[in-house]
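Quick look at entry.pdb (PDB, C-alpha atoms, pLDDT in the B column):
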ATOM      1  CA  MET A  51      23.235 -17.400  15.837  1.00 77.00           C
ATOM      2  CA  ILE A  52      23.119 -13.754  16.902  1.00 83.00           C
ATOM      3  CA  GLY A  53      24.132 -10.775  14.783  1.00 83.00           C
ATOM      4  CA  VAL A  54      24.104  -7.010  15.188  1.00 86.00           C
ATOM      5  CA  VAL A  55      22.577  -4.597  12.687  1.00 84.00           C
ATOM      6  CA  HIS A  56      22.398  -0.857  13.278  1.00 85.00           C
ATOM      7  CA  ALA A  57      18.978   0.609  12.424  1.00 84.00           C
ATOM      8  CA  THR A  58      16.583   3.282  13.654  1.00 86.00           C
ATOM      9  CA  ARG A  59      13.575   0.912  13.892  1.00 86.00           C
ATOM     10  CA  ALA A  60      13.199  -2.834  14.249  1.00 85.00           C
ATOM     11  CA  VAL A  61      11.704  -3.268  10.769  1.00 86.00           C
ATOM     12  CA  ASP A  62      14.630  -1.296   9.285  1.00 87.00           C
ATOM     13  CA  ALA A  63      16.974  -4.092  10.353  1.00 86.00           C
ATOM     14  CA  ILE A  64      15.001  -6.517   8.179  1.00 87.00           C
ATOM     15  CA  GLN A  65      14.834  -4.000   5.327  1.00 87.00           C
ATOM     16  CA  ARG A  66      18.625  -3.842   5.242  1.00 87.00           C
ATOM     17  CA  LEU A  67      18.653  -7.432   3.990  1.00 86.00           C
ATOM     18  CA  ILE A  68      16.448  -6.647   0.963  1.00 86.00           C
ATOM     19  CA  GLY A  69      18.623  -6.821  -2.116  1.00 82.00           C
ATOM     20  CA  ARG A  70      21.384  -8.693  -0.301  1.00 87.00           C
ATOM     21  CA  VAL A  71      19.421 -11.863   0.377  1.00 87.00           C
ATOM     22  CA  GLU A  72      16.661 -13.360  -1.745  1.00 87.00           C
ATOM     23  CA  LEU A  73      13.346 -12.058  -0.415  1.00 85.00           C
ATOM     24  CA  GLY A  74      11.860 -15.508   0.209  1.00 84.00           C
ATOM     25  CA  ILE A  75      14.629 -16.624   2.547  1.00 88.00           C
ATOM     26  CA  ILE A  76      14.802 -13.500   4.744  1.00 89.00           C
ATOM     27  CA  PRO A  77      12.641 -15.164   7.467  1.00 88.00           C
ATOM     28  CA  GLN A  78      15.078 -18.100   7.471  1.00 88.00           C
ATOM     29  CA  VAL A  79      18.019 -15.741   7.941  1.00 88.00           C
ATOM     30  CA  VAL A  80      16.316 -13.413  10.468  1.00 87.00           C
ATOM     31  CA  ASP A  81      13.402 -14.868  12.386  1.00 89.00           C
ATOM     32  CA  THR A  82      13.557 -12.600  15.455  1.00 91.00           C
ATOM     33  CA  VAL A  83      14.628  -8.963  15.792  1.00 90.00           C
ATOM     34  CA  VAL A  84      15.388  -7.529  19.216  1.00 91.00           C
ATOM     35  CA  PHE A  85      15.536  -3.736  19.041  1.00 90.00           C
ATOM     36  CA  ILE A  86      17.570  -2.092  21.799  1.00 89.00           C
ATOM     37  CA  GLU A  87      17.728   1.665  22.165  1.00 88.00           C
ATOM     38  CA  LYS A  88      19.490   3.579  24.959  1.00 87.00           C
ATOM     39  CA  GLU A  89      20.415   0.297  26.648  1.00 88.00           C
ATOM     40  CA  ARG A  90      16.758  -0.779  26.940  1.00 89.00           C
ATOM     41  CA  LEU A  91      14.708  -3.326  25.053  1.00 90.00           C
ATOM     42  CA  GLN A  92      12.274  -1.310  22.893  1.00 87.00           C
ATOM     43  CA  ARG A  93      10.755  -3.891  20.512  1.00 88.00           C
ATOM     44  CA  SER A  94      10.888  -7.552  19.647  1.00 91.00           C
ATOM     45  CA  MET A  95       9.585  -8.646  16.274  1.00 91.00           C
ATOM     46  CA  ILE A  96       9.344 -11.941  14.439  1.00 92.00           C
ATOM     47  CA  SER A  97       9.253 -12.593  10.702  1.00 92.00           C
ATOM     48  CA  ALA A  98       7.499 -15.397   8.855  1.00 92.00           C
ATOM     49  CA  PHE A  99       7.019 -16.465   5.253  1.00 93.00           C
ATOM     50  CA  THR A 100       3.565 -17.090   3.797  1.00 91.00           C
ATOM     51  CA  VAL A 101       1.712 -17.023   0.488  1.00 91.00           C
ATOM     52  CA  LYS A 102      -1.378 -14.803   0.618  1.00 90.00           C
ATOM     53  CA  VAL A 103      -3.081 -11.741  -0.783  1.00 88.00           C
ATOM     54  CA  PRO A 104      -1.359  -8.724   0.803  1.00 87.00           C
ATOM     55  CA  GLN A 105      -3.519  -6.569   3.069  1.00 83.00           C
ATOM     56  CA  GLY A 106      -5.395  -3.911   1.128  1.00 76.00           C
ATOM     57  CA  MET A 107      -5.568  -5.971  -2.058  1.00 79.00           C
ATOM     58  CA  VAL A 108      -8.813  -7.806  -2.721  1.00 75.00           C
ATOM     59  CA  GLU A 109      -8.431  -9.991  -5.801  1.00 79.00           C
ATOM     60  CA  GLN A 110      -7.494 -13.619  -5.083  1.00 77.00           C
ATOM     61  CA  ASP A 111      -5.259 -13.727  -8.165  1.00 78.00           C
ATOM     62  CA  LEU A 112      -2.974 -11.169  -6.457  1.00 84.00           C
ATOM     63  CA  ALA A 113      -1.769 -13.811  -3.974  1.00 87.00           C
ATOM     64  CA  ARG A 114       1.997 -13.849  -3.718  1.00 91.00           C
ATOM     65  CA  PRO A 115       4.815 -14.729  -1.314  1.00 90.00           C
ATOM     66  CA  VAL A 116       4.635 -12.326   1.642  1.00 92.00           C
ATOM     67  CA  ILE A 117       6.948 -11.869   4.603  1.00 92.00           C
ATOM     68  CA  THR A 118       4.977 -10.854   7.670  1.00 93.00           C
ATOM     69  CA  VAL A 119       6.667  -8.948  10.483  1.00 92.00           C
ATOM     70  CA  ALA A 120       4.766  -9.226  13.757  1.00 92.00           C
ATOM     71  CA  ASP A 121       5.162  -8.026  17.331  1.00 91.00           C
ATOM     72  CA  PHE A 122       6.785 -10.813  19.347  1.00 91.00           C
ATOM     73  CA  GLU A 123       4.502 -10.465  22.369  1.00 90.00           C
ATOM     74  CA  THR A 124       1.094  -9.827  20.762  1.00 90.00           C
ATOM     75  CA  GLN A 125       1.699 -11.716  17.492  1.00 90.00           C
ATOM     76  CA  ASN A 126      -0.084  -8.834  15.662  1.00 91.00           C
ATOM     77  CA  VAL A 127       1.248  -8.390  12.124  1.00 91.00           C
ATOM     78  CA  GLU A 128       2.573  -4.865  11.702  1.00 91.00           C
ATOM     79  CA  TYR A 129       4.316  -5.018   8.308  1.00 91.00           C
ATOM     80  CA  GLU A 130       4.102  -7.052   5.133  1.00 92.00           C
ATOM     81  CA  ILE A 131       7.003  -7.286   2.708  1.00 92.00           C
ATOM     82  CA  TYR A 132       6.300  -8.454  -0.850  1.00 91.00           C
ATOM     83  CA  THR A 133       7.126  -7.755  -4.477  1.00 89.00           C
ATOM     84  CA  TYR A 134       4.775  -5.736  -6.648  1.00 85.00           C
ATOM     85  CA  GLY A 135       5.969  -5.689 -10.216  1.00 83.00           C
ATOM     86  CA  GLU A 136       9.705  -5.286  -9.888  1.00 84.00           C
ATOM     87  CA  GLN A 137       9.598  -3.304  -6.640  1.00 87.00           C
ATOM     88  CA  VAL A 138       9.835  -4.621  -3.100  1.00 88.00           C
ATOM     89  CA  VAL A 139       7.101  -3.129  -0.916  1.00 88.00           C
ATOM     90  CA  VAL A 140       7.357  -2.786   2.874  1.00 89.00           C
ATOM     91  CA  MET A 141       3.764  -1.976   3.823  1.00 88.00           C
ATOM     92  CA  PRO A 142       2.556  -1.114   7.317  1.00 87.00           C
ATOM     93  CA  VAL A 143      -0.700  -2.983   7.966  1.00 85.00           C
ATOM     94  CA  GLY A 144      -3.625  -2.543  10.307  1.00 64.00           C
ATOM     95  CA  GLU A 145      -4.821   0.563  12.105  1.00 52.00           C
ATOM     96  CA  THR A 146      -2.001   0.821  14.603  1.00 48.00           C
ATOM     97  CA  GLU A 147      -2.213   3.845  16.890  1.00 48.00           C
ATOM     98  CA  GLY A 148      -5.012   5.470  14.876  1.00 51.00           C
ATOM     99  CA  LYS A 149      -2.979   5.647  11.679  1.00 56.00           C
ATOM    100  CA  ARG A 150      -4.602   5.009   8.325  1.00 63.00           C
ATOM    101  CA  PRO A 151      -3.331   1.950   6.437  1.00 67.00           C
ATOM    102  CA  GLY A 152      -0.514   2.774   4.003  1.00 71.00           C
ATOM    103  CA  MET A 153      -2.422   1.148   1.156  1.00 78.00           C
ATOM    104  CA  TRP A 154      -5.116   3.835   1.486  1.00 81.00           C
ATOM    105  CA  ALA A 155      -2.606   6.580   0.695  1.00 82.00           C
ATOM    106  CA  LEU A 156      -1.389   4.652  -2.347  1.00 84.00           C
ATOM    107  CA  ALA A 157      -4.973   4.062  -3.521  1.00 86.00           C
ATOM    108  CA  GLY A 158      -5.835   7.739  -3.000  1.00 87.00           C
ATOM    109  CA  ARG A 159      -2.898   8.849  -5.166  1.00 86.00           C
ATOM    110  CA  GLU A 160      -3.821   6.435  -7.953  1.00 88.00           C
ATOM    111  CA  ILE A 161      -7.502   7.466  -7.915  1.00 89.00           C
ATOM    112  CA  ARG A 162      -6.514  11.159  -7.952  1.00 89.00           C
ATOM    113  CA  LYS A 163      -4.149  10.569 -10.893  1.00 89.00           C
ATOM    114  CA  GLU A 164      -6.855   8.750 -12.884  1.00 88.00           C
ATOM    115  CA  MET A 165      -9.555  11.364 -12.147  1.00 88.00           C
ATOM    116  CA  GLN A 166      -7.157  14.186 -13.042  1.00 87.00           C
ATOM    117  CA  LYS A 167      -7.069  12.829 -16.615  1.00 86.00           C
ATOM    118  CA  HIS A 168     -10.777  13.682 -16.987  1.00 83.00           C
ATOM    119  CA  THR A 169     -10.907  17.054 -15.212  1.00 85.00           C
ATOM    120  CA  ARG A 170      -9.473  20.532 -15.606  1.00 83.00           C
ATOM    121  CA  SER A 171      -9.301  21.463 -11.919  1.00 84.00           C
ATOM    122  CA  MET A 172      -7.948  19.963  -8.696  1.00 86.00           C
ATOM    123  CA  VAL A 173      -9.257  16.622  -7.447  1.00 87.00           C
ATOM    124  CA  ASN A 174      -9.224  15.587  -3.782  1.00 88.00           C
ATOM    125  CA  VAL A 175      -9.666  11.958  -2.733  1.00 88.00           C
ATOM    126  CA  GLU A 176     -10.557  10.694   0.727  1.00 87.00           C
ATOM    127  CA  VAL A 177     -10.227   6.925   1.098  1.00 85.00           C
ATOM    128  CA  VAL A 178     -12.733   5.859   3.757  1.00 82.00           C
ATOM    129  CA  SER A 179     -12.323   2.060   3.742  1.00 79.00           C
ATOM    130  CA  ASP A 180     -10.584  -0.755   1.898  1.00 77.00           C
ATOM    131  CA  SER A 181     -13.308  -0.694  -0.761  1.00 81.00           C
ATOM    132  CA  SER A 182     -14.574   2.902  -1.015  1.00 85.00           C
ATOM    133  CA  ALA A 183     -13.380   6.464  -1.471  1.00 87.00           C
ATOM    134  CA  THR A 184     -14.959   9.885  -1.788  1.00 89.00           C
ATOM    135  CA  VAL A 185     -13.780  12.073  -4.666  1.00 88.00           C
ATOM    136  CA  TYR A 186     -14.142  15.863  -4.536  1.00 88.00           C
ATOM    137  CA  MET A 187     -13.932  17.981  -7.702  1.00 88.00           C
ATOM    138  CA  ASP A 188     -15.447  21.104  -9.250  1.00 87.00           C
ATOM    139  CA  GLU A 189     -19.083  20.644 -10.216  1.00 85.00           C
ATOM    140  CA  GLU A 190     -18.479  21.446 -13.901  1.00 85.00           C
ATOM    141  CA  ASP A 191     -15.995  18.521 -14.127  1.00 85.00           C
ATOM    142  CA  ILE A 192     -18.413  15.879 -12.813  1.00 82.00           C
ATOM    143  CA  ALA A 193     -20.197  15.365 -16.136  1.00 80.00           C
ATOM    144  CA  GLY A 194     -16.866  14.745 -17.865  1.00 79.00           C
ATOM    145  CA  VAL A 195     -16.079  11.987 -15.410  1.00 80.00           C
ATOM    146  CA  ILE A 196     -19.386  10.133 -15.067  1.00 79.00           C
ATOM    147  CA  GLY A 197     -21.128  11.285 -18.267  1.00 73.00           C
ATOM    148  CA  LYS A 198     -24.826  11.335 -19.059  1.00 67.00           C
ATOM    149  CA  ALA A 199     -26.876   8.887 -16.970  1.00 61.00           C
ATOM    150  CA  GLY A 200     -23.716   7.712 -15.218  1.00 56.00           C
ATOM    151  CA  LYS A 201     -21.982   6.584 -18.399  1.00 59.00           C
ATOM    152  CA  GLU A 202     -18.560   8.057 -18.968  1.00 57.00           C
ATOM    153  CA  HIS A 203     -18.642  10.844 -21.531  1.00 50.00           C
ATOM    154  CA  ARG A 204     -15.871  10.674 -24.107  1.00 53.00           C
ATOM    155  CA  PRO A 205     -16.114  13.310 -26.858  1.00 52.00           C
ATOM    156  CA  ASP A 206     -13.409  11.526 -28.875  1.00 52.00           C
ATOM    157  CA  ARG A 207     -15.673   8.448 -29.161  1.00 49.00           C
ATOM    158  CA  GLU A 208     -18.948  10.189 -30.021  1.00 48.00           C
ATOM    159  CA  LYS A 209     -20.579   9.096 -33.247  1.00 46.00           C
ATOM    160  CA  THR A 210     -21.714  11.806 -35.594  1.00 46.00           C
ATOM    161  CA  ARG A 211     -25.083  11.377 -37.191  1.00 45.00           C
ATOM    162  CA  ASP A 212     -25.226  11.515 -41.000  1.00 46.00           C
ATOM    163  CA  THR A 213     -27.895  14.049 -41.903  1.00 48.00           C
ATOM    164  CA  SER A 214     -27.831  13.619 -45.684  1.00 42.00           C
TER     165      SER A 214
END
Please re-express this file's structure in structure tokens.
Amino acid sequence: MIGVVHATRAVDAIQRLIGRVELGIIPQVVDTVVFIEKERLQRSMISAFTVKVPQGMVEQDLARPVITVADFETQNVEYEIYTYGEQVVVMPVGETEGKRPGMWALAGREIRKEMQKHTRSMVNVEVVSDSSATVYMDEEDIAGVIGKAGKEHRPDREKTRDTS
């Protein structure tokens, strides 16, 4: 069966089904997307259902149902669609055209938010790989984050010595 959906990108056509069709059966409803723009074929994409750990996540217990959206010709996965909590995530994957993975931006924001709790000044985070990031902050805030000898310093948990 063939249907027409108006969208600005091929993956947007699949996204239009989110909320209207149960997420797990989207690949059964739409298995191939042919994107035509200005009377020319621009993209062809295929969708598939799998259970795996989404790209960018590392813990095996985070495995979940994932819809992969891949280029029809190269079979390279370009997007993953999955639920995280109660939200549906459409995540670009891989380093396509020199772009950084979308998960890195999300990780950078979360690291920055957590570090900001322990500092008084601005914190900058540069995610350099799936498993490491560099955090920049004012020198006087470093001790408050890592503490003495690398142990986190928490003044609210310090024990006072009884001198009597």
Find the residues around A:Thr118 up to 9 Å (all atoms listed in the file counted), leave out those fewer than 3 positions away in its own chain, and share them as a count of residues only. 12
Do you know which residues the PyMOL selection byres ((chain A and resi 66-75) around 9) returns on this file, as a VMD selection string? chain A and resid 55 57 61 to 65 76 to 80 99 115 to 117 131 to 133 138
Can you build me a table of stretch 58-172 of chain A residues sitting at most 9 Å from stretch 193-196 of chain A, with the closest atom pair per residue and its distance in Å to one decimal, using only C-alpha atoms, sorted by chain and residue number, as a tab-separated table?
residue	atom	partner	partner_atom	distance
A:Met165	CA	A:Val195	CA	7.3
A:His168	CA	A:Val195	CA	5.8
A:Thr169	CA	A:Gly194	CA	6.9
Translate the PyMOL selection byres ((chain A and resi 175) around 8), as applied to the file shown, into an explicit residue set as a PyMOL selection string. chain A and resi 158-159+161-162+173-174+176-177+183-186
If I take atom CA of A:Val83 and atom CA of A:Ala60, how far is one from the other in Å, to one decimal?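 Interatomic distance here is 6.5 Å.
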Minimum-distance residue to A:Lys88, chosen among A:Val140, A:Thr58, A:Arg114, A:Ala157 (using all atoms listed in the file): A:Thr58
Tell me which of A:Ala120, A:Met141, A:Met153, A:Met172 sits closest to A:Thr82, counting only C-alpha atoms.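 The closest residue to A:Thr82 is A:Ala120.
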For atom CA of A:Gly106 and atom CA of A:Asn126, the interatomic separation in Å (one decimal):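 Atom CA of A:Asn126 lies 16.2 Å from atom CA of A:Gly106.
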Report the distance between atom CA of A:Tyr134 and atom CA of A:Val101 in Å, rounded to one decimal place.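 So the answer is 13.7 Å.
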Which residues come within 12 Å of A:Glu87, counting all atoms listed in the file, excluding same-chain residues fewer than 2 positions away, as a PyMOL selection string? chain A and resi 56-60+84-85+89-94
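Nearest to A:Val178 of all the residues A:Trp154, A:Met95, A:Pro104, A:Gly135 is A:Trp154, based on all atoms listed in the file.
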Residues selected by the PyMOL selection byres ((chain A and resi 113) around 6), written as a list in words: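 Checked against the file, the PyMOL selection byres ((chain A and resi 113) around 6) matches Lys102, Val103, Gln110, Asp111, Leu112 and Arg114 of chain A.
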